[in-house]
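One file, run-v8.pdb, carrying PDB, C-alpha atoms, pLDDT in the B column:
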```
ATOM      1  CA  MET N  20       0.000   0.000   0.000  1.00 45.00           C
ATOM      2  CA  GLY N  21       1.484   3.326  -1.115  1.00 55.00           C
ATOM      3  CA  ARG N  22       1.638   6.304   1.161  1.00 73.00           C
ATOM      4  CA  GLU N  23       0.301   9.714   0.264  1.00 91.00           C
ATOM      5  CA  ILE N  24       3.114  11.786  -1.276  1.00 97.00           C
ATOM      6  CA  ARG N  25       3.057  15.436  -2.357  1.00 97.00           C
ATOM      7  CA  TYR N  26       5.555  17.071  -4.703  1.00 98.00           C
ATOM      8  CA  LYS N  27       6.708  20.652  -4.796  1.00 98.00           C
ATOM      9  CA  ARG N  28       9.641  22.816  -5.705  1.00 97.00           C
ATOM     10  CA  ALA N  29      12.161  23.163  -2.918  1.00 97.00           C
ATOM     11  CA  THR N  30      12.867  26.461  -1.190  1.00 96.00           C
ATOM     12  CA  LYS N  31      15.575  27.611   1.178  1.00 94.00           C
ATOM     13  CA  ASN N  32      13.356  26.368   4.015  1.00 96.00           C
ATOM     14  CA  ASN N  33      13.826  22.770   2.797  1.00 97.00           C
ATOM     15  CA  VAL N  34      17.642  22.709   2.685  1.00 98.00           C
ATOM     16  CA  SER N  35      18.257  21.012   6.041  1.00 98.00           C
ATOM     17  CA  ALA N  36      15.576  18.376   5.416  1.00 98.00           C
ATOM     18  CA  ILE N  37      16.965  17.596   1.945  1.00 98.00           C
ATOM     19  CA  PHE N  38      20.458  17.323   3.388  1.00 98.00           C
ATOM     20  CA  THR N  39      19.188  14.885   6.030  1.00 97.00           C
ATOM     21  CA  VAL N  40      17.860  12.557   3.303  1.00 98.00           C
ATOM     22  CA  LEU N  41      21.092  13.018   1.330  1.00 97.00           C
ATOM     23  CA  GLU N  42      23.101  11.988   4.391  1.00 97.00           C
ATOM     24  CA  GLU N  43      20.925   8.878   4.779  1.00 97.00           C
ATOM     25  CA  ILE N  44      21.568   7.723   1.203  1.00 96.00           C
ATOM     26  CA  ALA N  45      25.087   9.157   0.702  1.00 96.00           C
ATOM     27  CA  SER N  46      26.800   5.763   0.521  1.00 94.00           C
ATOM     28  CA  GLU N  47      24.502   4.686  -2.324  1.00 93.00           C
ATOM     29  CA  ILE N  48      25.058   7.716  -4.579  1.00 92.00           C
ATOM     30  CA  PRO N  49      27.968   7.808  -3.484  1.00 92.00           C
ATOM     31  CA  VAL N  50      28.803  11.202  -2.070  1.00 94.00           C
ATOM     32  CA  CYS N  51      31.582  11.541   0.467  1.00 93.00           C
ATOM     33  CA  LEU N  52      30.603  13.353   3.669  1.00 96.00           C
ATOM     34  CA  ASP N  53      33.424  12.130   5.869  1.00 95.00           C
ATOM     35  CA  THR N  54      34.854  15.518   6.879  1.00 96.00           C
ATOM     36  CA  PRO N  55      33.284  18.782   8.057  1.00 97.00           C
ATOM     37  CA  GLU N  56      34.639  20.469   4.916  1.00 97.00           C
ATOM     38  CA  ARG N  57      32.963  17.956   2.579  1.00 96.00           C
ATOM     39  CA  LYS N  58      29.723  18.177   4.534  1.00 97.00           C
ATOM     40  CA  ASN N  59      29.805  21.978   4.303  1.00 97.00           C
ATOM     41  CA  LEU N  60      30.506  21.946   0.552  1.00 97.00           C
ATOM     42  CA  THR N  61      27.704  19.484  -0.081  1.00 97.00           C
ATOM     43  CA  PHE N  62      25.311  21.413   2.178  1.00 98.00           C
ATOM     44  CA  GLU N  63      26.150  24.601   0.248  1.00 97.00           C
ATOM     45  CA  ARG N  64      25.388  22.820  -3.039  1.00 96.00           C
ATOM     46  CA  VAL N  65      22.026  21.629  -1.682  1.00 97.00           C
ATOM     47  CA  GLN N  66      21.356  25.202  -0.597  1.00 97.00           C
ATOM     48  CA  LYS N  67      22.312  26.623  -4.004  1.00 96.00           C
ATOM     49  CA  CYS N  68      20.147  24.083  -5.827  1.00 96.00           C
ATOM     50  CA  SER N  69      17.202  24.655  -3.500  1.00 96.00           C
ATOM     51  CA  GLU N  70      17.400  28.395  -4.001  1.00 94.00           C
ATOM     52  CA  SER N  71      17.564  27.997  -7.810  1.00 92.00           C
ATOM     53  CA  GLY N  72      13.832  27.229  -7.898  1.00 94.00           C
ATOM     54  CA  GLU N  73      14.483  24.129 -10.018  1.00 96.00           C
ATOM     55  CA  THR N  74      14.890  21.457  -7.313  1.00 98.00           C
ATOM     56  CA  TRP N  75      11.904  19.204  -6.566  1.00 98.00           C
ATOM     57  CA  ILE N  76      11.081  17.405  -3.338  1.00 98.00           C
ATOM     58  CA  ALA N  77       8.658  14.696  -2.269  1.00 98.00           C
ATOM     59  CA  LEU N  78       6.839  15.223   1.013  1.00 98.00           C
ATOM     60  CA  SER N  79       5.159  12.664   3.232  1.00 97.00           C
ATOM     61  CA  ARG N  80       1.689  13.170   4.664  1.00 94.00           C
ATOM     62  CA  ASP N  81       3.273  14.865   7.691  1.00 94.00           C
ATOM     63  CA  ASN N  82       5.322  17.210   5.442  1.00 95.00           C
ATOM     64  CA  GLN N  83       8.668  15.466   5.927  1.00 97.00           C
ATOM     65  CA  VAL N  84      11.032  15.501   2.931  1.00 98.00           C
ATOM     66  CA  VAL N  85      11.306  11.861   1.814  1.00 98.00           C
ATOM     67  CA  GLY N  86      12.833  12.360  -1.638  1.00 98.00           C
ATOM     68  CA  PHE N  87      14.571  15.008  -3.690  1.00 98.00           C
ATOM     69  CA  LEU N  88      16.090  15.742  -7.062  1.00 98.00           C
ATOM     70  CA  LEU N  89      18.548  18.615  -6.983  1.00 98.00           C
ATOM     71  CA  ALA N  90      18.727  20.779 -10.093  1.00 97.00           C
ATOM     72  CA  GLU N  91      20.870  23.753 -11.003  1.00 95.00           C
ATOM     73  CA  PRO N  92      21.660  25.677 -14.182  1.00 92.00           C
ATOM     74  CA  ASP N  93      24.133  23.749 -16.356  1.00 91.00           C
ATOM     75  CA  GLN N  94      26.508  26.587 -17.206  1.00 81.00           C
ATOM     76  CA  GLN N  95      28.601  24.625 -19.719  1.00 79.00           C
ATOM     77  CA  GLU N  96      25.569  23.282 -21.592  1.00 77.00           C
ATOM     78  CA  ARG N  97      23.998  26.749 -21.625  1.00 73.00           C
ATOM     79  CA  PHE N  98      27.202  28.316 -22.986  1.00 74.00           C
ATOM     80  CA  PHE N  99      27.779  25.778 -25.762  1.00 77.00           C
ATOM     81  CA  HIS N 100      24.142  25.241 -26.799  1.00 74.00           C
ATOM     82  CA  ASP N 101      22.534  28.562 -25.802  1.00 81.00           C
ATOM     83  CA  ASN N 102      19.704  26.853 -23.926  1.00 87.00           C
ATOM     84  CA  GLN N 103      18.209  26.700 -20.431  1.00 90.00           C
ATOM     85  CA  ALA N 104      19.692  23.301 -19.548  1.00 92.00           C
ATOM     86  CA  LEU N 105      19.666  22.034 -15.989  1.00 96.00           C
ATOM     87  CA  HIS N 106      22.188  19.760 -14.306  1.00 95.00           C
ATOM     88  CA  LEU N 107      20.943  17.139 -11.819  1.00 96.00           C
ATOM     89  CA  PRO N 108      23.772  16.614  -9.317  1.00 95.00           C
ATOM     90  CA  TYR N 109      22.044  14.394  -6.732  1.00 95.00           C
ATOM     91  CA  GLY N 110      18.724  12.748  -6.141  1.00 96.00           C
ATOM     92  CA  GLY N 111      17.270  10.008  -4.021  1.00 95.00           C
ATOM     93  CA  VAL N 112      14.517   8.696  -1.826  1.00 97.00           C
ATOM     94  CA  SER N 113      14.588   7.798   1.838  1.00 97.00           C
ATOM     95  CA  GLU N 114      14.850   4.031   2.239  1.00 95.00           C
ATOM     96  CA  SER N 115      11.518   3.708   4.052  1.00 95.00           C
ATOM     97  CA  TYR N 116       9.653   5.362   1.149  1.00 96.00           C
ATOM     98  CA  ARG N 117      11.054   3.390  -1.778  1.00 94.00           C
ATOM     99  CA  GLY N 118       9.000   1.323  -4.172  1.00 92.00           C
ATOM    100  CA  GLN N 119       6.427   4.080  -4.775  1.00 94.00           C
ATOM    101  CA  HIS N 120       7.906   5.577  -7.981  1.00 94.00           C
ATOM    102  CA  ILE N 121       8.858   8.737  -6.098  1.00 97.00           C
ATOM    103  CA  PHE N 122      12.147   9.207  -7.945  1.00 95.00           C
ATOM    104  CA  LEU N 123      10.436   8.653 -11.296  1.00 95.00           C
ATOM    105  CA  THR N 124       7.859  11.307 -10.435  1.00 97.00           C
ATOM    106  CA  LEU N 125      10.575  13.762  -9.363  1.00 97.00           C
ATOM    107  CA  VAL N 126      12.385  13.299 -12.696  1.00 97.00           C
ATOM    108  CA  GLU N 127       9.114  13.714 -14.591  1.00 96.00           C
ATOM    109  CA  LYS N 128       8.431  16.977 -12.737  1.00 97.00           C
ATOM    110  CA  ILE N 129      11.770  18.369 -13.897  1.00 97.00           C
ATOM    111  CA  MET N 130      11.370  16.957 -17.430  1.00 97.00           C
ATOM    112  CA  ALA N 131       8.022  18.766 -17.690  1.00 96.00           C
ATOM    113  CA  LYS N 132       9.893  22.056 -17.817  1.00 95.00           C
ATOM    114  CA  GLY N 133      10.958  21.049 -21.330  1.00 95.00           C
ATOM    115  CA  VAL N 134      14.633  21.975 -21.134  1.00 95.00           C
ATOM    116  CA  PRO N 135      17.689  19.758 -21.666  1.00 95.00           C
ATOM    117  CA  LEU N 136      18.851  17.898 -18.554  1.00 96.00           C
ATOM    118  CA  THR N 137      22.306  16.593 -17.745  1.00 95.00           C
ATOM    119  CA  GLY N 138      23.594  14.364 -15.003  1.00 94.00           C
ATOM    120  CA  THR N 139      26.710  12.521 -13.983  1.00 92.00           C
ATOM    121  CA  VAL N 140      26.365   9.115 -12.372  1.00 94.00           C
ATOM    122  CA  LYS N 141      29.297   7.471 -10.637  1.00 94.00           C
ATOM    123  CA  ARG N 142      29.949   3.880 -11.617  1.00 92.00           C
ATOM    124  CA  THR N 143      29.905   3.012  -7.916  1.00 93.00           C
ATOM    125  CA  ASN N 144      26.276   4.173  -7.623  1.00 92.00           C
ATOM    126  CA  LYS N 145      24.355   1.403  -5.851  1.00 91.00           C
ATOM    127  CA  SER N 146      20.859   2.280  -7.097  1.00 88.00           C
ATOM    128  CA  ASP N 147      21.324   1.681 -10.848  1.00 88.00           C
ATOM    129  CA  MET N 148      20.776   5.397 -11.364  1.00 91.00           C
ATOM    130  CA  ALA N 149      22.270   5.381 -14.872  1.00 92.00           C
ATOM    131  CA  GLY N 150      19.930   2.559 -15.856  1.00 92.00           C
ATOM    132  CA  ARG N 151      16.928   4.391 -14.413  1.00 92.00           C
ATOM    133  CA  LEU N 152      17.752   7.569 -16.329  1.00 95.00           C
ATOM    134  CA  LEU N 153      18.383   5.653 -19.572  1.00 95.00           C
ATOM    135  CA  LYS N 154      14.894   4.097 -19.244  1.00 94.00           C
ATOM    136  CA  LEU N 155      13.477   7.627 -18.950  1.00 94.00           C
ATOM    137  CA  GLY N 156      15.035   8.656 -22.276  1.00 96.00           C
ATOM    138  CA  PHE N 157      18.413   9.987 -21.196  1.00 97.00           C
ATOM    139  CA  THR N 158      21.352   9.044 -23.421  1.00 96.00           C
ATOM    140  CA  LYS N 159      24.936   8.424 -22.428  1.00 95.00           C
ATOM    141  CA  VAL N 160      26.995  11.227 -23.986  1.00 93.00           C
ATOM    142  CA  SER N 161      30.379  10.388 -22.498  1.00 90.00           C
ATOM    143  CA  PHE N 162      31.919   8.167 -19.889  1.00 91.00           C
ATOM    144  CA  THR N 163      35.085   7.343 -18.007  1.00 91.00           C
ATOM    145  CA  ASP N 164      35.976   4.341 -15.903  1.00 92.00           C
ATOM    146  CA  LYS N 165      34.527   6.247 -12.908  1.00 94.00           C
ATOM    147  CA  GLU N 166      31.338   7.879 -14.213  1.00 94.00           C
ATOM    148  CA  ASP N 167      28.755   8.210 -16.960  1.00 94.00           C
ATOM    149  CA  ASN N 168      27.592  11.565 -18.281  1.00 94.00           C
ATOM    150  CA  LEU N 169      23.958  11.524 -19.371  1.00 96.00           C
ATOM    151  CA  ARG N 170      21.736  13.961 -21.230  1.00 95.00           C
ATOM    152  CA  TRP N 171      18.036  14.249 -21.951  1.00 96.00           C
ATOM    153  CA  HIS N 172      16.648  16.546 -24.603  1.00 94.00           C
ATOM    154  CA  PRO N 173      12.921  17.332 -24.884  1.00 93.00           C
TER     155      PRO N 173
END
```
Any chance you could put this one into structure tokens?
Amino acid sequence: MGREIRYKRATKNNVSAIFTVLEEIASEIPVCLDTPERKNLTFERVQKCSESGETWIALSRDNQVVGFLLAEPDQQERFFHDNQALHLPYGGVSESYRGQHIFLTLVEKIMAKGVPLTGTVKRTNKSDMAGRLLKLGFTKVSFTDKEDNLRWHP
């Protein structure tokens, strides 16, 4: 039985709650938060993405952030292609809320904007994120032995 989930764009008021979910799933992405400096840098990125007006969050019935998809302007893509592309640095869903297509819905919310999307997925990602994005229509545009760079174009 699925739980009631609401979706909305994140604001600066959601930064700490998003970061809490990010900390919970950090080893799966993976994102390294092992020092105060790395935590601060990652927190600042969450803050920047939340304030961009492009990040989406999933909220439980009691208004707790249970999923997120960070988005920020993709400066390189915008420079080379003169578009409004967004980069998706991190996304995920709290373990206790998985299996409800929350991540899929978050991606669809951002895709609905109708601008190109880019993302980089580390090969050590434990959630098959590259596979999930490929199923949604993203294409692999480049790769290294450590990561895949993906792009979606409306």
Check your understanding: Taking into account only C-alpha atoms, which residue in the set N:Leu107, N:Cys51, N:Val85, N:Leu155 is nearest to N:Glu127?
Key ->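 Checking each of N:Leu107, N:Cys51, N:Val85, N:Leu155 against N:Glu127, counting only C-alpha atoms, the winner is N:Leu155.
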Review point. Leaving out stretch 133-143 of chain N and any residue of its chain fewer than 5 positions from it, which residues lie within 7 Å of it when counting only C-alpha atoms, given as a PyMOL selection string?
Key: chain N and resi 49+103-108+148-149+165-173
Residues near N:Leu89, cut-off 12 Å, all atoms listed in the file, skip fewer than 5 positions along chain, as a short mmCIF file (atom, residue, chain, number, x, y, z; two decimals) with C-alpha atoms, keeping the file's coordinate frame:
```cif
data_model
loop_
_atom_site.label_atom_id
_atom_site.label_comp_id
_atom_site.auth_asym_id
_atom_site.auth_seq_id
_atom_site.Cartn_x
_atom_site.Cartn_y
_atom_site.Cartn_z
CA ARG N 28 9.64 22.82 -5.70
CA ALA N 29 12.16 23.16 -2.92
CA THR N 30 12.87 26.46 -1.19
CA ASN N 33 13.83 22.77 2.80
CA VAL N 34 17.64 22.71 2.68
CA ILE N 37 16.96 17.60 1.94
CA PHE N 38 20.46 17.32 3.39
CA VAL N 40 17.86 12.56 3.30
CA LEU N 41 21.09 13.02 1.33
CA THR N 61 27.70 19.48 -0.08
CA PHE N 62 25.31 21.41 2.18
CA ARG N 64 25.39 22.82 -3.04
CA VAL N 65 22.03 21.63 -1.68
CA GLN N 66 21.36 25.20 -0.60
CA LYS N 67 22.31 26.62 -4.00
CA CYS N 68 20.15 24.08 -5.83
CA SER N 69 17.20 24.66 -3.50
CA GLU N 70 17.40 28.40 -4.00
CA SER N 71 17.56 28.00 -7.81
CA GLY N 72 13.83 27.23 -7.90
CA GLU N 73 14.48 24.13 -10.02
CA THR N 74 14.89 21.46 -7.31
CA TRP N 75 11.90 19.20 -6.57
CA ILE N 76 11.08 17.40 -3.34
CA ALA N 77 8.66 14.70 -2.27
CA LEU N 105 19.67 22.03 -15.99
CA HIS N 106 22.19 19.76 -14.31
CA LEU N 107 20.94 17.14 -11.82
CA PRO N 108 23.77 16.61 -9.32
CA TYR N 109 22.04 14.39 -6.73
CA GLY N 110 18.72 12.75 -6.14
CA GLY N 111 17.27 10.01 -4.02
CA VAL N 112 14.52 8.70 -1.83
CA PHE N 122 12.15 9.21 -7.94
CA LEU N 125 10.58 13.76 -9.36
CA VAL N 126 12.38 13.30 -12.70
CA LYS N 128 8.43 16.98 -12.74
CA ILE N 129 11.77 18.37 -13.90
CA LEU N 136 18.85 17.90 -18.55
CA THR N 137 22.31 16.59 -17.74
CA GLY N 138 23.59 14.36 -15.00
#
```
Exercise for review: May I ask for the distance between atom CA of N:Asn102 and atom CA of N:Tyr26, given in Å to one decimal place?
Suggested key: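 Interatomic distance here is 25.8 Å.
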Review point. For the atom pair atom CA of N:Asn59 and atom CA of N:Thr39, what is the interatomic distance in Å to one decimal place?
Key: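 Computing it gives 12.9 Å between the two atoms.
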Extract stretch 139-155 of chain N from the preceding block and save N, CA and C atoms as a PDB file, in the first residue's frame.
```
ATOM      1  N   THR N 139      25.542  13.384 -14.045  1.00  0.00           N
ATOM      2  CA  THR N 139      26.710  12.521 -13.983  1.00  0.00           C
ATOM      3  C   THR N 139      26.442  11.471 -12.923  1.00  0.00           C
ATOM      4  N   VAL N 140      26.617  10.213 -13.301  1.00  0.00           N
ATOM      5  CA  VAL N 140      26.365   9.115 -12.372  1.00  0.00           C
ATOM      6  C   VAL N 140      27.661   8.335 -12.187  1.00  0.00           C
ATOM      7  N   LYS N 141      28.082   8.228 -10.946  1.00  0.00           N
ATOM      8  CA  LYS N 141      29.297   7.471 -10.637  1.00  0.00           C
ATOM      9  C   LYS N 141      29.058   5.990 -10.873  1.00  0.00           C
ATOM     10  N   ARG N 142      30.069   5.323 -11.363  1.00  0.00           N
ATOM     11  CA  ARG N 142      29.949   3.880 -11.617  1.00  0.00           C
ATOM     12  C   ARG N 142      29.717   3.102 -10.327  1.00  0.00           C
ATOM     13  N   THR N 143      30.095   3.676  -9.203  1.00  0.00           N
ATOM     14  CA  THR N 143      29.905   3.012  -7.916  1.00  0.00           C
ATOM     15  C   THR N 143      28.527   3.275  -7.326  1.00  0.00           C
ATOM     16  N   ASN N 144      27.643   3.928  -8.084  1.00  0.00           N
ATOM     17  CA  ASN N 144      26.276   4.173  -7.623  1.00  0.00           C
ATOM     18  C   ASN N 144      25.580   2.830  -7.399  1.00  0.00           C
ATOM     19  N   LYS N 145      24.954   2.690  -6.243  1.00  0.00           N
ATOM     20  CA  LYS N 145      24.355   1.403  -5.851  1.00  0.00           C
ATOM     21  C   LYS N 145      22.875   1.295  -6.184  1.00  0.00           C
ATOM     22  N   SER N 146      22.298   2.314  -6.829  1.00  0.00           N
ATOM     23  CA  SER N 146      20.859   2.280  -7.097  1.00  0.00           C
ATOM     24  C   SER N 146      20.531   2.158  -8.585  1.00  0.00           C
ATOM     25  N   ASP N 147      21.526   1.787  -9.401  1.00  0.00           N
ATOM     26  CA  ASP N 147      21.324   1.681 -10.848  1.00  0.00           C
ATOM     27  C   ASP N 147      20.757   2.984 -11.413  1.00  0.00           C
ATOM     28  N   MET N 148      21.281   4.100 -10.934  1.00  0.00           N
ATOM     29  CA  MET N 148      20.776   5.397 -11.364  1.00  0.00           C
ATOM     30  C   MET N 148      20.940   5.608 -12.867  1.00  0.00           C
ATOM     31  N   ALA N 149      22.082   5.215 -13.426  1.00  0.00           N
ATOM     32  CA  ALA N 149      22.270   5.381 -14.872  1.00  0.00           C
ATOM     33  C   ALA N 149      21.207   4.596 -15.626  1.00  0.00           C
ATOM     34  N   GLY N 150      20.951   3.377 -15.216  1.00  0.00           N
ATOM     35  CA  GLY N 150      19.930   2.559 -15.856  1.00  0.00           C
ATOM     36  C   GLY N 150      18.548   3.181 -15.756  1.00  0.00           C
ATOM     37  N   ARG N 151      18.239   3.746 -14.602  1.00  0.00           N
ATOM     38  CA  ARG N 151      16.928   4.391 -14.413  1.00  0.00           C
ATOM     39  C   ARG N 151      16.765   5.582 -15.358  1.00  0.00           C
ATOM     40  N   LEU N 152      17.827   6.390 -15.459  1.00  0.00           N
ATOM     41  CA  LEU N 152      17.752   7.569 -16.329  1.00  0.00           C
ATOM     42  C   LEU N 152      17.697   7.165 -17.802  1.00  0.00           C
ATOM     43  N   LEU N 153      18.435   6.129 -18.186  1.00  0.00           N
ATOM     44  CA  LEU N 153      18.383   5.653 -19.572  1.00  0.00           C
ATOM     45  C   LEU N 153      16.963   5.203 -19.928  1.00  0.00           C
ATOM     46  N   LYS N 154      16.276   4.537 -19.001  1.00  0.00           N
ATOM     47  CA  LYS N 154      14.894   4.097 -19.244  1.00  0.00           C
ATOM     48  C   LYS N 154      13.948   5.285 -19.415  1.00  0.00           C
ATOM     49  N   LEU N 155      14.311   6.428 -18.840  1.00  0.00           N
ATOM     50  CA  LEU N 155      13.477   7.627 -18.950  1.00  0.00           C
ATOM     51  C   LEU N 155      13.785   8.440 -20.209  1.00  0.00           C
TER      52      LEU N 155
END
```
